[in-house]
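Structure file entry-v8.csv (CSV, C-alpha atoms) follows.
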```
chain,number,residue,atom,x,y,z
D,559,MET,CA,132.4,153.8,124.3
D,560,THR,CA,134.6,154.9,127.3
D,561,ALA,CA,133.3,156.5,130.4
D,562,PRO,CA,134.1,160.2,130.9
D,563,ALA,CA,136.9,160.7,133.5
D,564,THR,CA,136.5,163.1,136.3
D,565,ARG,CA,138.4,163.6,139.6
D,566,ALA,CA,138.6,160.9,142.3
D,567,VAL,CA,135.5,160.0,144.3
D,568,THR,CA,135.7,158.6,147.9
D,569,VAL,CA,132.7,156.9,149.5
D,570,ARG,CA,132.4,155.8,153.1
D,571,VAL,CA,130.3,152.8,154.0
D,572,PRO,CA,129.5,151.1,157.4
D,573,ALA,CA,129.7,147.6,158.8
D,574,LYS,CA,126.6,145.9,160.1
D,575,VAL,CA,125.4,143.8,163.0
D,576,ASN,CA,122.4,141.6,162.9
D,577,VAL,CA,120.3,142.1,165.9
D,578,GLN,CA,118.0,139.3,164.7
D,579,LEU,CA,119.0,136.7,162.2
D,580,ALA,CA,116.2,134.2,161.7
D,581,VAL,CA,117.1,131.5,159.1
D,582,GLY,CA,114.7,129.3,157.2
D,583,ALA,CA,115.3,125.9,155.6
D,584,ALA,CA,117.6,125.7,152.5
D,585,ARG,CA,115.8,126.7,149.3
D,586,PRO,CA,116.2,124.8,146.0
D,587,ASP,CA,118.6,127.5,144.8
D,588,GLY,CA,120.9,126.9,147.8
D,589,PHE,CA,120.0,130.1,149.6
D,590,HIS,CA,118.0,130.3,152.8
D,591,ASP,CA,115.0,132.6,153.4
D,592,LEU,CA,115.8,135.1,156.2
D,593,ALA,CA,114.2,137.5,158.6
D,594,ASN,CA,117.3,139.7,159.0
D,595,VAL,CA,117.2,142.8,161.2
D,596,PHE,CA,120.2,144.9,160.3
D,597,LEU,CA,121.8,147.7,162.2
D,598,ALA,CA,124.6,149.8,160.5
D,599,VAL,CA,127.4,150.6,163.0
D,600,SER,CA,130.2,153.1,163.0
D,601,LEU,CA,133.0,151.0,161.7
D,602,PHE,CA,133.7,152.2,158.2
D,603,ASP,CA,135.6,151.2,155.0
D,604,GLU,CA,136.3,153.9,152.4
D,605,VAL,CA,136.5,153.2,148.7
D,606,THR,CA,138.2,155.7,146.4
D,607,ALA,CA,137.5,155.5,142.6
D,608,THR,CA,139.9,157.2,140.2
D,609,PRO,CA,140.1,157.1,136.4
D,610,ALA,CA,142.4,154.4,135.1
D,611,GLU,CA,143.2,152.6,131.8
D,612,ALA,CA,141.7,149.3,133.2
D,613,LEU,CA,139.9,148.0,136.3
D,614,THR,CA,142.3,147.5,139.2
D,615,VAL,CA,141.9,147.1,142.9
D,616,SER,CA,144.2,147.9,145.8
D,617,CYS,CA,143.6,147.7,149.6
D,618,ALA,CA,145.3,148.9,152.8
D,619,GLY,CA,144.5,148.6,156.4
D,620,PRO,CA,144.0,145.7,159.0
D,621,ASP,CA,144.0,142.3,157.3
D,622,ALA,CA,144.3,143.9,153.8
D,623,ASP,CA,146.4,140.9,152.8
D,624,GLN,CA,143.2,138.8,153.1
D,625,VAL,CA,141.3,140.9,150.6
D,626,PRO,CA,141.2,139.6,147.0
D,627,LEU,CA,142.4,142.1,144.5
D,628,ASP,CA,141.1,140.4,141.4
D,629,ARG,CA,137.6,140.3,139.8
D,630,SER,CA,136.2,138.2,142.6
D,631,ASN,CA,136.3,141.3,144.8
D,632,LEU,CA,132.7,142.7,145.2
D,633,ALA,CA,134.1,146.2,144.6
D,634,ALA,CA,135.4,145.1,141.2
D,635,ARG,CA,132.2,143.3,140.4
D,636,ALA,CA,130.2,146.4,141.2
D,637,ALA,CA,132.2,148.5,138.8
D,638,GLU,CA,131.8,145.8,136.1
D,639,LEU,CA,128.1,145.5,136.5
D,640,LEU,CA,127.5,149.2,136.5
D,641,ALA,CA,129.6,149.8,133.5
D,642,ALA,CA,128.0,146.9,131.6
D,643,ARG,CA,124.5,148.4,132.2
D,644,HIS,CA,125.6,151.7,130.6
D,645,GLY,CA,127.7,150.3,127.8
D,646,ILE,CA,131.0,151.7,129.0
D,647,GLU,CA,134.3,150.2,130.0
D,648,PRO,CA,135.0,149.8,133.8
D,649,ALA,CA,138.2,151.9,133.4
D,650,VAL,CA,138.7,152.7,137.1
D,651,HIS,CA,141.1,152.1,140.0
D,652,LEU,CA,139.4,151.2,143.2
D,653,HIS,CA,141.4,151.7,146.5
D,654,ILE,CA,139.8,150.2,149.6
D,655,ALA,CA,140.8,151.7,152.9
D,656,LYS,CA,139.9,148.6,155.0
D,657,ASN,CA,138.7,149.1,158.6
D,658,ILE,CA,135.8,146.6,158.8
D,659,PRO,CA,136.9,143.1,159.9
D,660,VAL,CA,137.6,140.8,156.9
D,661,ALA,CA,135.4,137.6,156.7
D,662,GLY,CA,134.0,138.6,160.1
D,663,GLY,CA,130.3,138.5,159.7
D,664,MET,CA,130.0,142.3,159.5
D,665,ALA,CA,129.5,142.6,155.7
D,666,GLY,CA,132.9,144.1,155.0
D,667,GLY,CA,133.0,142.7,151.4
D,668,SER,CA,129.4,143.7,150.8
D,669,ALA,CA,130.1,147.2,152.1
D,670,ASP,CA,133.0,147.6,149.6
D,671,GLY,CA,130.7,146.5,146.8
D,672,ALA,CA,128.1,149.1,147.8
D,673,ALA,CA,130.7,151.8,148.2
D,674,ALA,CA,132.4,151.1,144.8
D,675,LEU,CA,129.0,151.1,143.1
D,676,LEU,CA,128.2,154.6,144.4
D,677,ALA,CA,131.8,155.8,143.8
D,678,CYS,CA,131.8,154.7,140.2
D,679,ASP,CA,128.3,156.0,139.5
D,680,THR,CA,129.5,159.4,140.8
D,681,LEU,CA,132.9,159.3,139.1
D,682,TRP,CA,131.3,158.4,135.7
D,683,GLY,CA,128.5,161.0,136.1
D,684,LEU,CA,125.8,158.4,135.5
D,685,ASP,CA,123.2,159.7,138.0
D,686,SER,CA,121.7,156.2,138.1
D,687,PRO,CA,118.3,156.0,139.8
D,688,ARG,CA,118.5,154.7,143.3
D,689,GLU,CA,116.3,151.7,142.3
D,690,GLU,CA,118.8,150.7,139.6
D,691,LEU,CA,121.7,150.9,142.1
D,692,LEU,CA,119.8,148.8,144.6
D,693,ASP,CA,119.0,146.3,141.9
D,694,ILE,CA,122.7,146.0,141.1
D,695,CYS,CA,123.4,145.7,144.9
D,696,ALA,CA,121.0,142.7,145.1
D,697,GLU,CA,122.7,141.1,142.1
D,698,LEU,CA,126.1,141.5,143.9
D,699,GLY,CA,125.0,139.8,147.1
D,700,SER,CA,122.4,139.5,149.9
D,701,ASP,CA,124.0,142.0,152.2
D,702,VAL,CA,125.0,144.6,149.7
D,703,PRO,CA,121.6,146.5,149.5
D,704,PHE,CA,121.7,147.1,153.2
D,705,SER,CA,125.3,148.3,153.1
D,706,PHE,CA,124.1,150.8,150.5
D,707,VAL,CA,121.2,152.2,152.5
D,708,GLY,CA,122.4,151.7,156.1
D,709,GLY,CA,120.4,152.8,159.2
D,710,ALA,CA,118.2,150.0,160.4
D,711,ALA,CA,116.1,147.6,158.3
D,712,LEU,CA,114.4,144.3,158.1
D,713,GLY,CA,115.8,142.2,155.2
D,714,THR,CA,113.7,139.3,153.9
D,715,GLY,CA,114.1,136.9,151.0
D,716,ARG,CA,117.8,136.1,151.2
D,717,GLY,CA,118.2,139.4,153.0
D,718,GLU,CA,118.1,141.7,150.0
D,719,LEU,CA,114.5,142.8,150.2
D,720,LEU,CA,114.6,145.7,152.7
D,721,VAL,CA,112.0,147.6,154.8
D,722,PRO,CA,113.4,150.4,157.0
D,723,VAL,CA,112.6,150.1,160.7
D,724,GLU,CA,112.9,152.5,163.6
D,725,ALA,CA,115.9,152.4,165.9
D,726,GLY,CA,117.2,154.3,168.8
D,727,THR,CA,121.0,154.7,169.4
D,728,PHE,CA,122.9,151.7,170.8
D,729,HIS,CA,126.5,151.2,171.9
D,730,TRP,CA,128.5,148.1,170.9
D,731,VAL,CA,131.8,146.4,171.4
D,732,PHE,CA,133.0,144.0,168.8
D,733,ALA,CA,135.6,141.3,169.4
D,734,VAL,CA,137.6,140.4,166.2
D,735,ALA,CA,138.7,136.8,166.0
D,736,ASP,CA,141.8,135.3,164.5
D,737,GLY,CA,141.0,134.4,160.9
D,738,GLY,CA,137.6,134.4,159.2
D,739,LEU,CA,134.7,132.1,158.8
D,740,SER,CA,133.2,131.2,155.4
D,741,THR,CA,129.5,132.3,155.3
D,742,PRO,CA,128.5,129.3,153.0
D,743,ALA,CA,130.3,126.9,155.4
D,744,VAL,CA,128.3,128.3,158.4
D,745,PHE,CA,125.0,127.9,156.5
D,746,ARG,CA,126.0,124.3,155.7
D,747,GLU,CA,126.7,123.7,159.3
D,748,PHE,CA,123.3,125.2,160.2
D,749,ASP,CA,121.7,122.7,157.8
D,750,ARG,CA,123.8,119.8,159.2
D,751,LEU,CA,123.0,120.6,162.8
D,752,ALA,CA,119.2,120.9,162.1
D,753,GLU,CA,119.3,117.5,160.3
D,754,ALA,CA,121.4,115.8,163.0
D,755,GLU,CA,119.0,117.0,165.7
D,756,GLY,CA,115.9,116.0,163.7
D,757,ARG,CA,114.7,119.6,164.1
D,758,ALA,CA,112.2,121.2,161.7
D,759,VAL,CA,113.3,124.6,160.6
D,760,PRO,CA,110.4,127.1,160.8
D,761,GLU,CA,109.7,129.9,158.5
D,762,PRO,CA,111.8,133.0,159.5
D,763,VAL,CA,109.7,135.8,161.0
D,764,ALA,CA,110.8,139.1,162.5
D,765,SER,CA,110.2,139.4,166.2
D,766,PRO,CA,107.7,142.1,167.1
D,767,VAL,CA,109.2,142.3,170.6
D,768,LEU,CA,112.7,142.9,169.1
D,769,LEU,CA,111.5,145.5,166.7
D,770,ALA,CA,109.7,147.4,169.5
D,771,ALA,CA,112.9,147.2,171.6
D,772,LEU,CA,115.0,148.5,168.7
D,773,ALA,CA,112.7,151.4,168.2
D,774,SER,CA,112.6,152.2,172.0
D,775,GLY,CA,116.4,152.7,172.2
D,776,ASP,CA,116.3,150.6,175.5
D,777,ALA,CA,119.5,148.5,175.6
D,778,GLY,CA,118.1,146.2,178.2
D,779,ALA,CA,115.0,145.4,176.2
D,780,LEU,CA,117.0,144.9,173.0
D,781,GLY,CA,119.5,142.7,174.8
D,782,ALA,CA,116.7,140.4,176.0
D,783,SER,CA,115.5,139.8,172.4
D,784,LEU,CA,118.7,139.5,170.4
D,785,THR,CA,118.9,136.2,168.4
D,786,ASN,CA,121.1,134.7,165.7
D,787,ASP,CA,120.1,131.3,164.3
D,788,LEU,CA,123.6,130.9,162.9
D,789,GLN,CA,125.3,131.3,166.2
D,790,ALA,CA,125.3,127.6,167.1
D,791,ALA,CA,126.7,126.8,163.7
D,792,ALA,CA,129.5,129.4,164.0
D,793,VAL,CA,130.4,128.2,167.5
D,794,SER,CA,130.4,124.6,166.3
D,795,LEU,CA,132.9,125.5,163.6
D,796,ARG,CA,134.9,127.8,166.0
D,797,PRO,CA,134.4,126.5,169.6
D,798,SER,CA,136.7,129.2,171.0
D,799,LEU,CA,133.9,131.8,170.3
D,800,ALA,CA,132.0,130.5,173.4
D,801,ALA,CA,134.8,131.7,175.6
D,802,THR,CA,134.8,135.1,173.9
D,803,LEU,CA,131.0,135.5,174.4
D,804,ASP,CA,131.4,134.5,178.1
D,805,ALA,CA,134.2,137.0,178.7
D,806,GLY,CA,132.3,139.9,177.3
D,807,LEU,CA,129.2,139.0,179.4
D,808,GLY,CA,131.4,138.7,182.4
D,809,GLY,CA,132.7,142.2,181.7
D,810,GLY,CA,129.3,143.6,182.0
D,811,ALA,CA,127.8,143.5,178.5
D,812,VAL,CA,124.0,143.6,178.4
D,813,ALA,CA,123.9,140.8,175.8
D,814,ALA,CA,126.2,139.1,173.4
D,815,LEU,CA,125.9,137.2,170.1
D,816,VAL,CA,127.9,136.2,167.1
D,817,SER,CA,127.7,138.8,164.4
D,818,GLY,CA,126.0,137.3,161.4
D,819,SER,CA,128.0,134.2,160.3
D,820,GLY,CA,130.9,135.2,162.5
D,821,PRO,CA,133.5,134.9,163.8
D,822,THR,CA,133.3,138.5,165.0
D,823,THR,CA,131.3,138.6,168.3
D,824,ALA,CA,129.1,141.6,169.2
D,825,PHE,CA,128.4,142.9,172.7
D,826,LEU,CA,125.6,145.3,173.4
D,827,VAL,CA,126.5,147.7,176.2
D,828,ALA,CA,124.7,150.4,178.1
D,829,ASP,CA,127.0,153.3,177.3
D,830,GLU,CA,130.6,154.3,176.6
D,831,VAL,CA,131.7,153.6,180.2
D,832,ALA,CA,130.3,150.1,180.0
D,833,ALA,CA,132.0,149.7,176.6
D,834,ALA,CA,135.4,150.4,178.1
D,835,LYS,CA,134.8,147.8,180.8
D,836,VAL,CA,133.9,145.1,178.3
D,837,VAL,CA,136.9,146.0,176.2
D,838,ALA,CA,139.1,145.6,179.2
D,839,ALA,CA,137.5,142.2,180.1
D,840,LEU,CA,137.9,140.9,176.5
D,841,GLU,CA,141.5,142.0,176.2
D,842,GLY,CA,142.4,140.8,179.7
D,843,ALA,CA,141.0,137.4,178.9
D,844,GLY,CA,143.0,137.1,175.7
D,845,VAL,CA,140.0,135.7,173.9
D,846,CYS,CA,140.2,137.9,170.7
D,847,ARG,CA,142.7,139.5,168.4
D,848,ALA,CA,141.3,143.0,168.7
D,849,THR,CA,138.3,145.0,170.0
D,850,ARG,CA,136.4,147.7,168.4
D,851,VAL,CA,133.8,150.2,169.8
D,852,ALA,CA,130.9,151.5,167.7
D,853,VAL,CA,127.5,153.0,167.8
D,854,GLY,CA,124.5,152.5,165.6
D,855,PRO,CA,122.5,153.1,163.5
D,856,VAL,CA,124.5,155.2,161.1
D,857,PRO,CA,123.9,156.1,157.4
D,858,GLY,CA,124.8,153.8,154.6
D,859,ALA,CA,127.1,154.6,151.7
D,860,VAL,CA,127.9,158.3,151.4
D,861,VAL,CA,130.1,160.3,149.1
D,862,LEU,CA,132.8,162.1,151.2
D,863,SER,CA,134.6,163.8,148.3
D,864,ALA,CA,134.2,164.1,144.6
```

Could you render the structure as structure tokens?
Amino acid sequence: MTAPATRAVTVRVPAKVNVQLAVGAARPDGFHDLANVFLAVSLFDEVTATPAEALTVSCAGPDADQVPLDRSNLAARAAELLAARHGIEPAVHLHIAKNIPVAGGMAGGSADGAAALLACDTLWGLDSPREELLDICAELGSDVPFSFVGGAALGTGRGELLVPVEAGTFHWVFAVADGGLSTPAVFREFDRLAEAEGRAVPEPVASPVLLAALASGDAGALGASLTNDLQAAAVSLRPSLAATLDAGLGGGAVAALVSGSGPTTAFLVADEVAAAKVVAALEGAGVCRATRVAVGPVPGAVVLSA
């Protein structure tokens, strides 16, 4: 059976920043339990699905040459999994307009998987229940469900079990590093550092203080409670990140942290004026390849045209 072809569908999907990333000890399956407080921010990829004779992927935008165009791409995997569930062929071309930093700790690949899933579901007229789409998201990867829903949420398990949380609006500056960091490598370094330090890894728990600060919309309160248990591991693997964090704080950021597994660094700022000052400080110090300004929370994957 072949899926019915309709016109092209474009889906927009946001990046994320982790305002809290609490990491537990390694599980027998190799994953780590997390208490992961996600915030979707206004850096977007767009994925356009069009009918094709076979599954193909293309990509354009910053660092597009680093995006795999084979079946390892999460967008391609999303199309395959959705088609398999409905007994159809994944006859689709997926074009990714890339704007989220690649391998930067902002869930760019996961975002593309979520966007492709919604785009293909719409293109093929499947009208899959939201629960089914979220189940496929979780099969694709730990961050994909949040990319799909957006907003602000607490992710537990390996990050795929989501509970929405309240959040005011916050302003951010992101410093994009040269090259990427492998998420598995950062988790391995987290494990190595804990063992080397003889440190017991506690069960990950969401901070009530942070959740209250997030709901309040108070940048000062949120900045005082931002945490990322992977930050030390990311800096260990990429020591230059320490200078980037210092430069942004020196430019007036309320707080700074590595975004997820890095190497993108995130700077919480009071407002747009403060954002411009932090951008100037980062660019003047020459400690990053590019800077990006965003706000959050924003919605998850949304159909722009169909």

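Distance-wise, CA of Ser600 in chain D and CA of Val763 in chain D end up 26.9 Å apart.
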
Find the spatial neighbours of range 701-716 of chain D, counting all atoms listed in the file, within a cut-off of 8 Å - ignore same-chain residues fewer than 2 positions away - and output them as a tab-separated table (two decimals) with C-alpha atoms, in the frame of the given file.
```tsv
chain	number	residue	atom	x	y	z
D	571	VAL	CA	130.30	152.80	154.00
D	572	PRO	CA	129.50	151.10	157.40
D	573	ALA	CA	129.70	147.60	158.80
D	574	LYS	CA	126.60	145.90	160.10
D	589	PHE	CA	120.00	130.10	149.60
D	590	HIS	CA	118.00	130.30	152.80
D	591	ASP	CA	115.00	132.60	153.40
D	592	LEU	CA	115.80	135.10	156.20
D	593	ALA	CA	114.20	137.50	158.60
D	594	ASN	CA	117.30	139.70	159.00
D	595	VAL	CA	117.20	142.80	161.20
D	596	PHE	CA	120.20	144.90	160.30
D	597	LEU	CA	121.80	147.70	162.20
D	598	ALA	CA	124.60	149.80	160.50
D	665	ALA	CA	129.50	142.60	155.70
D	668	SER	CA	129.40	143.70	150.80
D	669	ALA	CA	130.10	147.20	152.10
D	671	GLY	CA	130.70	146.50	146.80
D	672	ALA	CA	128.10	149.10	147.80
D	673	ALA	CA	130.70	151.80	148.20
D	692	LEU	CA	119.80	148.80	144.60
D	695	CYS	CA	123.40	145.70	144.90
D	696	ALA	CA	121.00	142.70	145.10
D	698	LEU	CA	126.10	141.50	143.90
D	699	GLY	CA	125.00	139.80	147.10
D	718	GLU	CA	118.10	141.70	150.00
D	719	LEU	CA	114.50	142.80	150.20
D	720	LEU	CA	114.60	145.70	152.70
D	721	VAL	CA	112.00	147.60	154.80
D	722	PRO	CA	113.40	150.40	157.00
D	723	VAL	CA	112.60	150.10	160.70
D	724	GLU	CA	112.90	152.50	163.60
D	725	ALA	CA	115.90	152.40	165.90
D	764	ALA	CA	110.80	139.10	162.50
D	854	GLY	CA	124.50	152.50	165.60
D	855	PRO	CA	122.50	153.10	163.50
D	856	VAL	CA	124.50	155.20	161.10
D	857	PRO	CA	123.90	156.10	157.40
D	858	GLY	CA	124.80	153.80	154.60
D	859	ALA	CA	127.10	154.60	151.70
```

*asked:* List as a ChimeraX atom specification the protein and nucleic acid residues near Glu690 in chain D, meaning an atom at most 12 Å away when all atoms listed in the file are counted, but skip any in the same chain fewer than 4 places from it.
replied: /D:639-640,643-644,675-676,679,684-686,694-697,703

*asked:* Taking 5 positions as the minimum chain separation for residues in the same chain, which residues sit within 9 Å of Ala610 in chain D when counting all atoms listed in the file? Answer as a count of residues only.
replied: 5

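For range 785-801 of chain D, the set of protein, DNA and RNA residues having any atom at most 8 Å away, when counting only C-alpha atoms and skipping those fewer than 6 positions along the same chain, is D:Asn576, D:Val577, D:Gln578, D:Leu579, D:Ala580, D:Val581, D:Leu739, D:Val744, D:Phe745, D:Glu747, D:Phe748, D:Leu751, D:Leu815, D:Val816, D:Ser817, D:Gly818, D:Ser819, D:Gly820, D:Pro821, D:Thr823, D:Val845.
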
_Spatial neighbours of range 838-843 of chain D, 10 Å, only C-alpha atoms, chain gap at least 6 places, as a ChimeraX atom specification_ = /D:731-733,801-811,832,849

With C-alpha atoms kept, could you save the residues just selected as a PDB file, in the frame of the given file?
```pdb
ATOM      1  CA  VAL D 731     131.800 146.400 171.400  1.00  0.00           C
ATOM      2  CA  PHE D 732     133.000 144.000 168.800  1.00  0.00           C
ATOM      3  CA  ALA D 733     135.600 141.300 169.400  1.00  0.00           C
ATOM      4  CA  ALA D 801     134.800 131.700 175.600  1.00  0.00           C
ATOM      5  CA  THR D 802     134.800 135.100 173.900  1.00  0.00           C
ATOM      6  CA  LEU D 803     131.000 135.500 174.400  1.00  0.00           C
ATOM      7  CA  ASP D 804     131.400 134.500 178.100  1.00  0.00           C
ATOM      8  CA  ALA D 805     134.200 137.000 178.700  1.00  0.00           C
ATOM      9  CA  GLY D 806     132.300 139.900 177.300  1.00  0.00           C
ATOM     10  CA  LEU D 807     129.200 139.000 179.400  1.00  0.00           C
ATOM     11  CA  GLY D 808     131.400 138.700 182.400  1.00  0.00           C
ATOM     12  CA  GLY D 809     132.700 142.200 181.700  1.00  0.00           C
ATOM     13  CA  GLY D 810     129.300 143.600 182.000  1.00  0.00           C
ATOM     14  CA  ALA D 811     127.800 143.500 178.500  1.00  0.00           C
ATOM     15  CA  ALA D 832     130.300 150.100 180.000  1.00  0.00           C
ATOM     16  CA  THR D 849     138.300 145.000 170.000  1.00  0.00           C
TER      17      THR D 849
END
```

*Enter the distance from CA of Ala655 in chain D to CA of Ala622 in chain D, in Å, rounded to one decimal.*
8.6 Å

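Coordinates place CA of Val851 in chain D at a distance of 18.9 Å from CA of Leu772 in chain D.
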
*asked:* Considering only C-alpha atoms, can you say which of D:Gly663, D:Gly619, D:Pro687, D:Gly726 comes closest to Ala773 in chain D?
replied: D:Gly726

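Using all atoms listed in the file, the smallest distance between any of D:Val831, D:Ala674, D:Ala584, D:Val860 and Pro742 in chain D comes from D:Ala584.
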
Your completed range 674-683 of chain D with all heavy atoms, as a CSV table (one decimal), in the frame of the given file:
```csv
chain,number,residue,atom,x,y,z
D,674,ALA,N,131.8,151.0,146.2
D,674,ALA,CA,132.4,151.1,144.8
D,674,ALA,C,131.3,151.4,143.8
D,674,ALA,O,131.5,152.2,142.9
D,674,ALA,CB,133.1,149.7,144.4
D,675,LEU,N,130.1,150.9,144.0
D,675,LEU,CA,129.0,151.1,143.1
D,675,LEU,C,128.7,152.6,143.1
D,675,LEU,O,128.6,153.3,142.0
D,675,LEU,CB,127.8,150.3,143.5
D,675,LEU,CG,126.6,150.4,142.6
D,675,LEU,CD1,126.9,149.9,141.2
D,675,LEU,CD2,125.4,149.7,143.2
D,676,LEU,N,128.5,153.2,144.3
D,676,LEU,CA,128.2,154.6,144.4
D,676,LEU,C,129.4,155.5,143.9
D,676,LEU,O,129.2,156.5,143.2
D,676,LEU,CB,127.9,155.0,145.9
D,676,LEU,CG,127.5,156.4,146.1
D,676,LEU,CD1,126.3,156.9,145.3
D,676,LEU,CD2,127.2,156.6,147.6
D,677,ALA,N,130.6,155.1,144.2
D,677,ALA,CA,131.8,155.8,143.8
D,677,ALA,C,131.9,155.9,142.3
D,677,ALA,O,132.1,156.9,141.7
D,677,ALA,CB,133.0,155.3,144.4
D,678,CYS,N,131.7,154.7,141.6
D,678,CYS,CA,131.8,154.7,140.2
D,678,CYS,C,130.7,155.4,139.5
D,678,CYS,O,130.9,156.1,138.5
D,678,CYS,CB,131.8,153.2,139.7
D,678,CYS,SG,133.4,152.4,140.1
D,679,ASP,N,129.5,155.3,140.1
D,679,ASP,CA,128.3,156.0,139.5
D,679,ASP,C,128.6,157.5,139.5
D,679,ASP,O,128.3,158.3,138.6
D,679,ASP,CB,127.1,155.7,140.3
D,679,ASP,CG,125.8,156.2,139.6
D,679,ASP,OD1,125.4,155.6,138.5
D,679,ASP,OD2,125.2,157.2,140.1
D,680,THR,N,129.2,158.0,140.6
D,680,THR,CA,129.5,159.4,140.8
D,680,THR,C,130.6,159.8,139.9
D,680,THR,O,130.6,160.8,139.2
D,680,THR,CB,129.8,159.7,142.3
D,680,THR,OG1,128.7,159.3,143.1
D,680,THR,CG2,130.0,161.2,142.5
D,681,LEU,N,131.7,159.0,139.9
D,681,LEU,CA,132.9,159.3,139.1
D,681,LEU,C,132.5,159.4,137.6
D,681,LEU,O,133.0,160.3,136.9
D,681,LEU,CB,133.9,158.2,139.2
D,681,LEU,CG,135.2,158.3,138.5
D,681,LEU,CD1,136.1,159.4,139.1
D,681,LEU,CD2,136.0,157.0,138.4
D,682,TRP,N,131.7,158.5,137.1
D,682,TRP,CA,131.3,158.4,135.7
D,682,TRP,C,130.1,159.4,135.3
D,682,TRP,O,129.7,159.4,134.2
D,682,TRP,CB,131.0,157.0,135.3
D,682,TRP,CG,132.2,156.1,135.4
D,682,TRP,CD1,133.5,156.4,135.4
D,682,TRP,CD2,132.1,154.7,135.7
D,682,TRP,NE1,134.3,155.3,135.5
D,682,TRP,CE2,133.5,154.2,135.7
D,682,TRP,CE3,131.1,153.7,135.8
D,682,TRP,CZ2,133.8,152.9,135.9
D,682,TRP,CZ3,131.5,152.4,136.0
D,682,TRP,CH2,132.8,152.0,136.1
D,683,GLY,N,129.6,160.1,136.3
D,683,GLY,CA,128.5,161.0,136.1
D,683,GLY,C,127.3,160.4,135.5
D,683,GLY,O,126.5,161.0,134.7
```
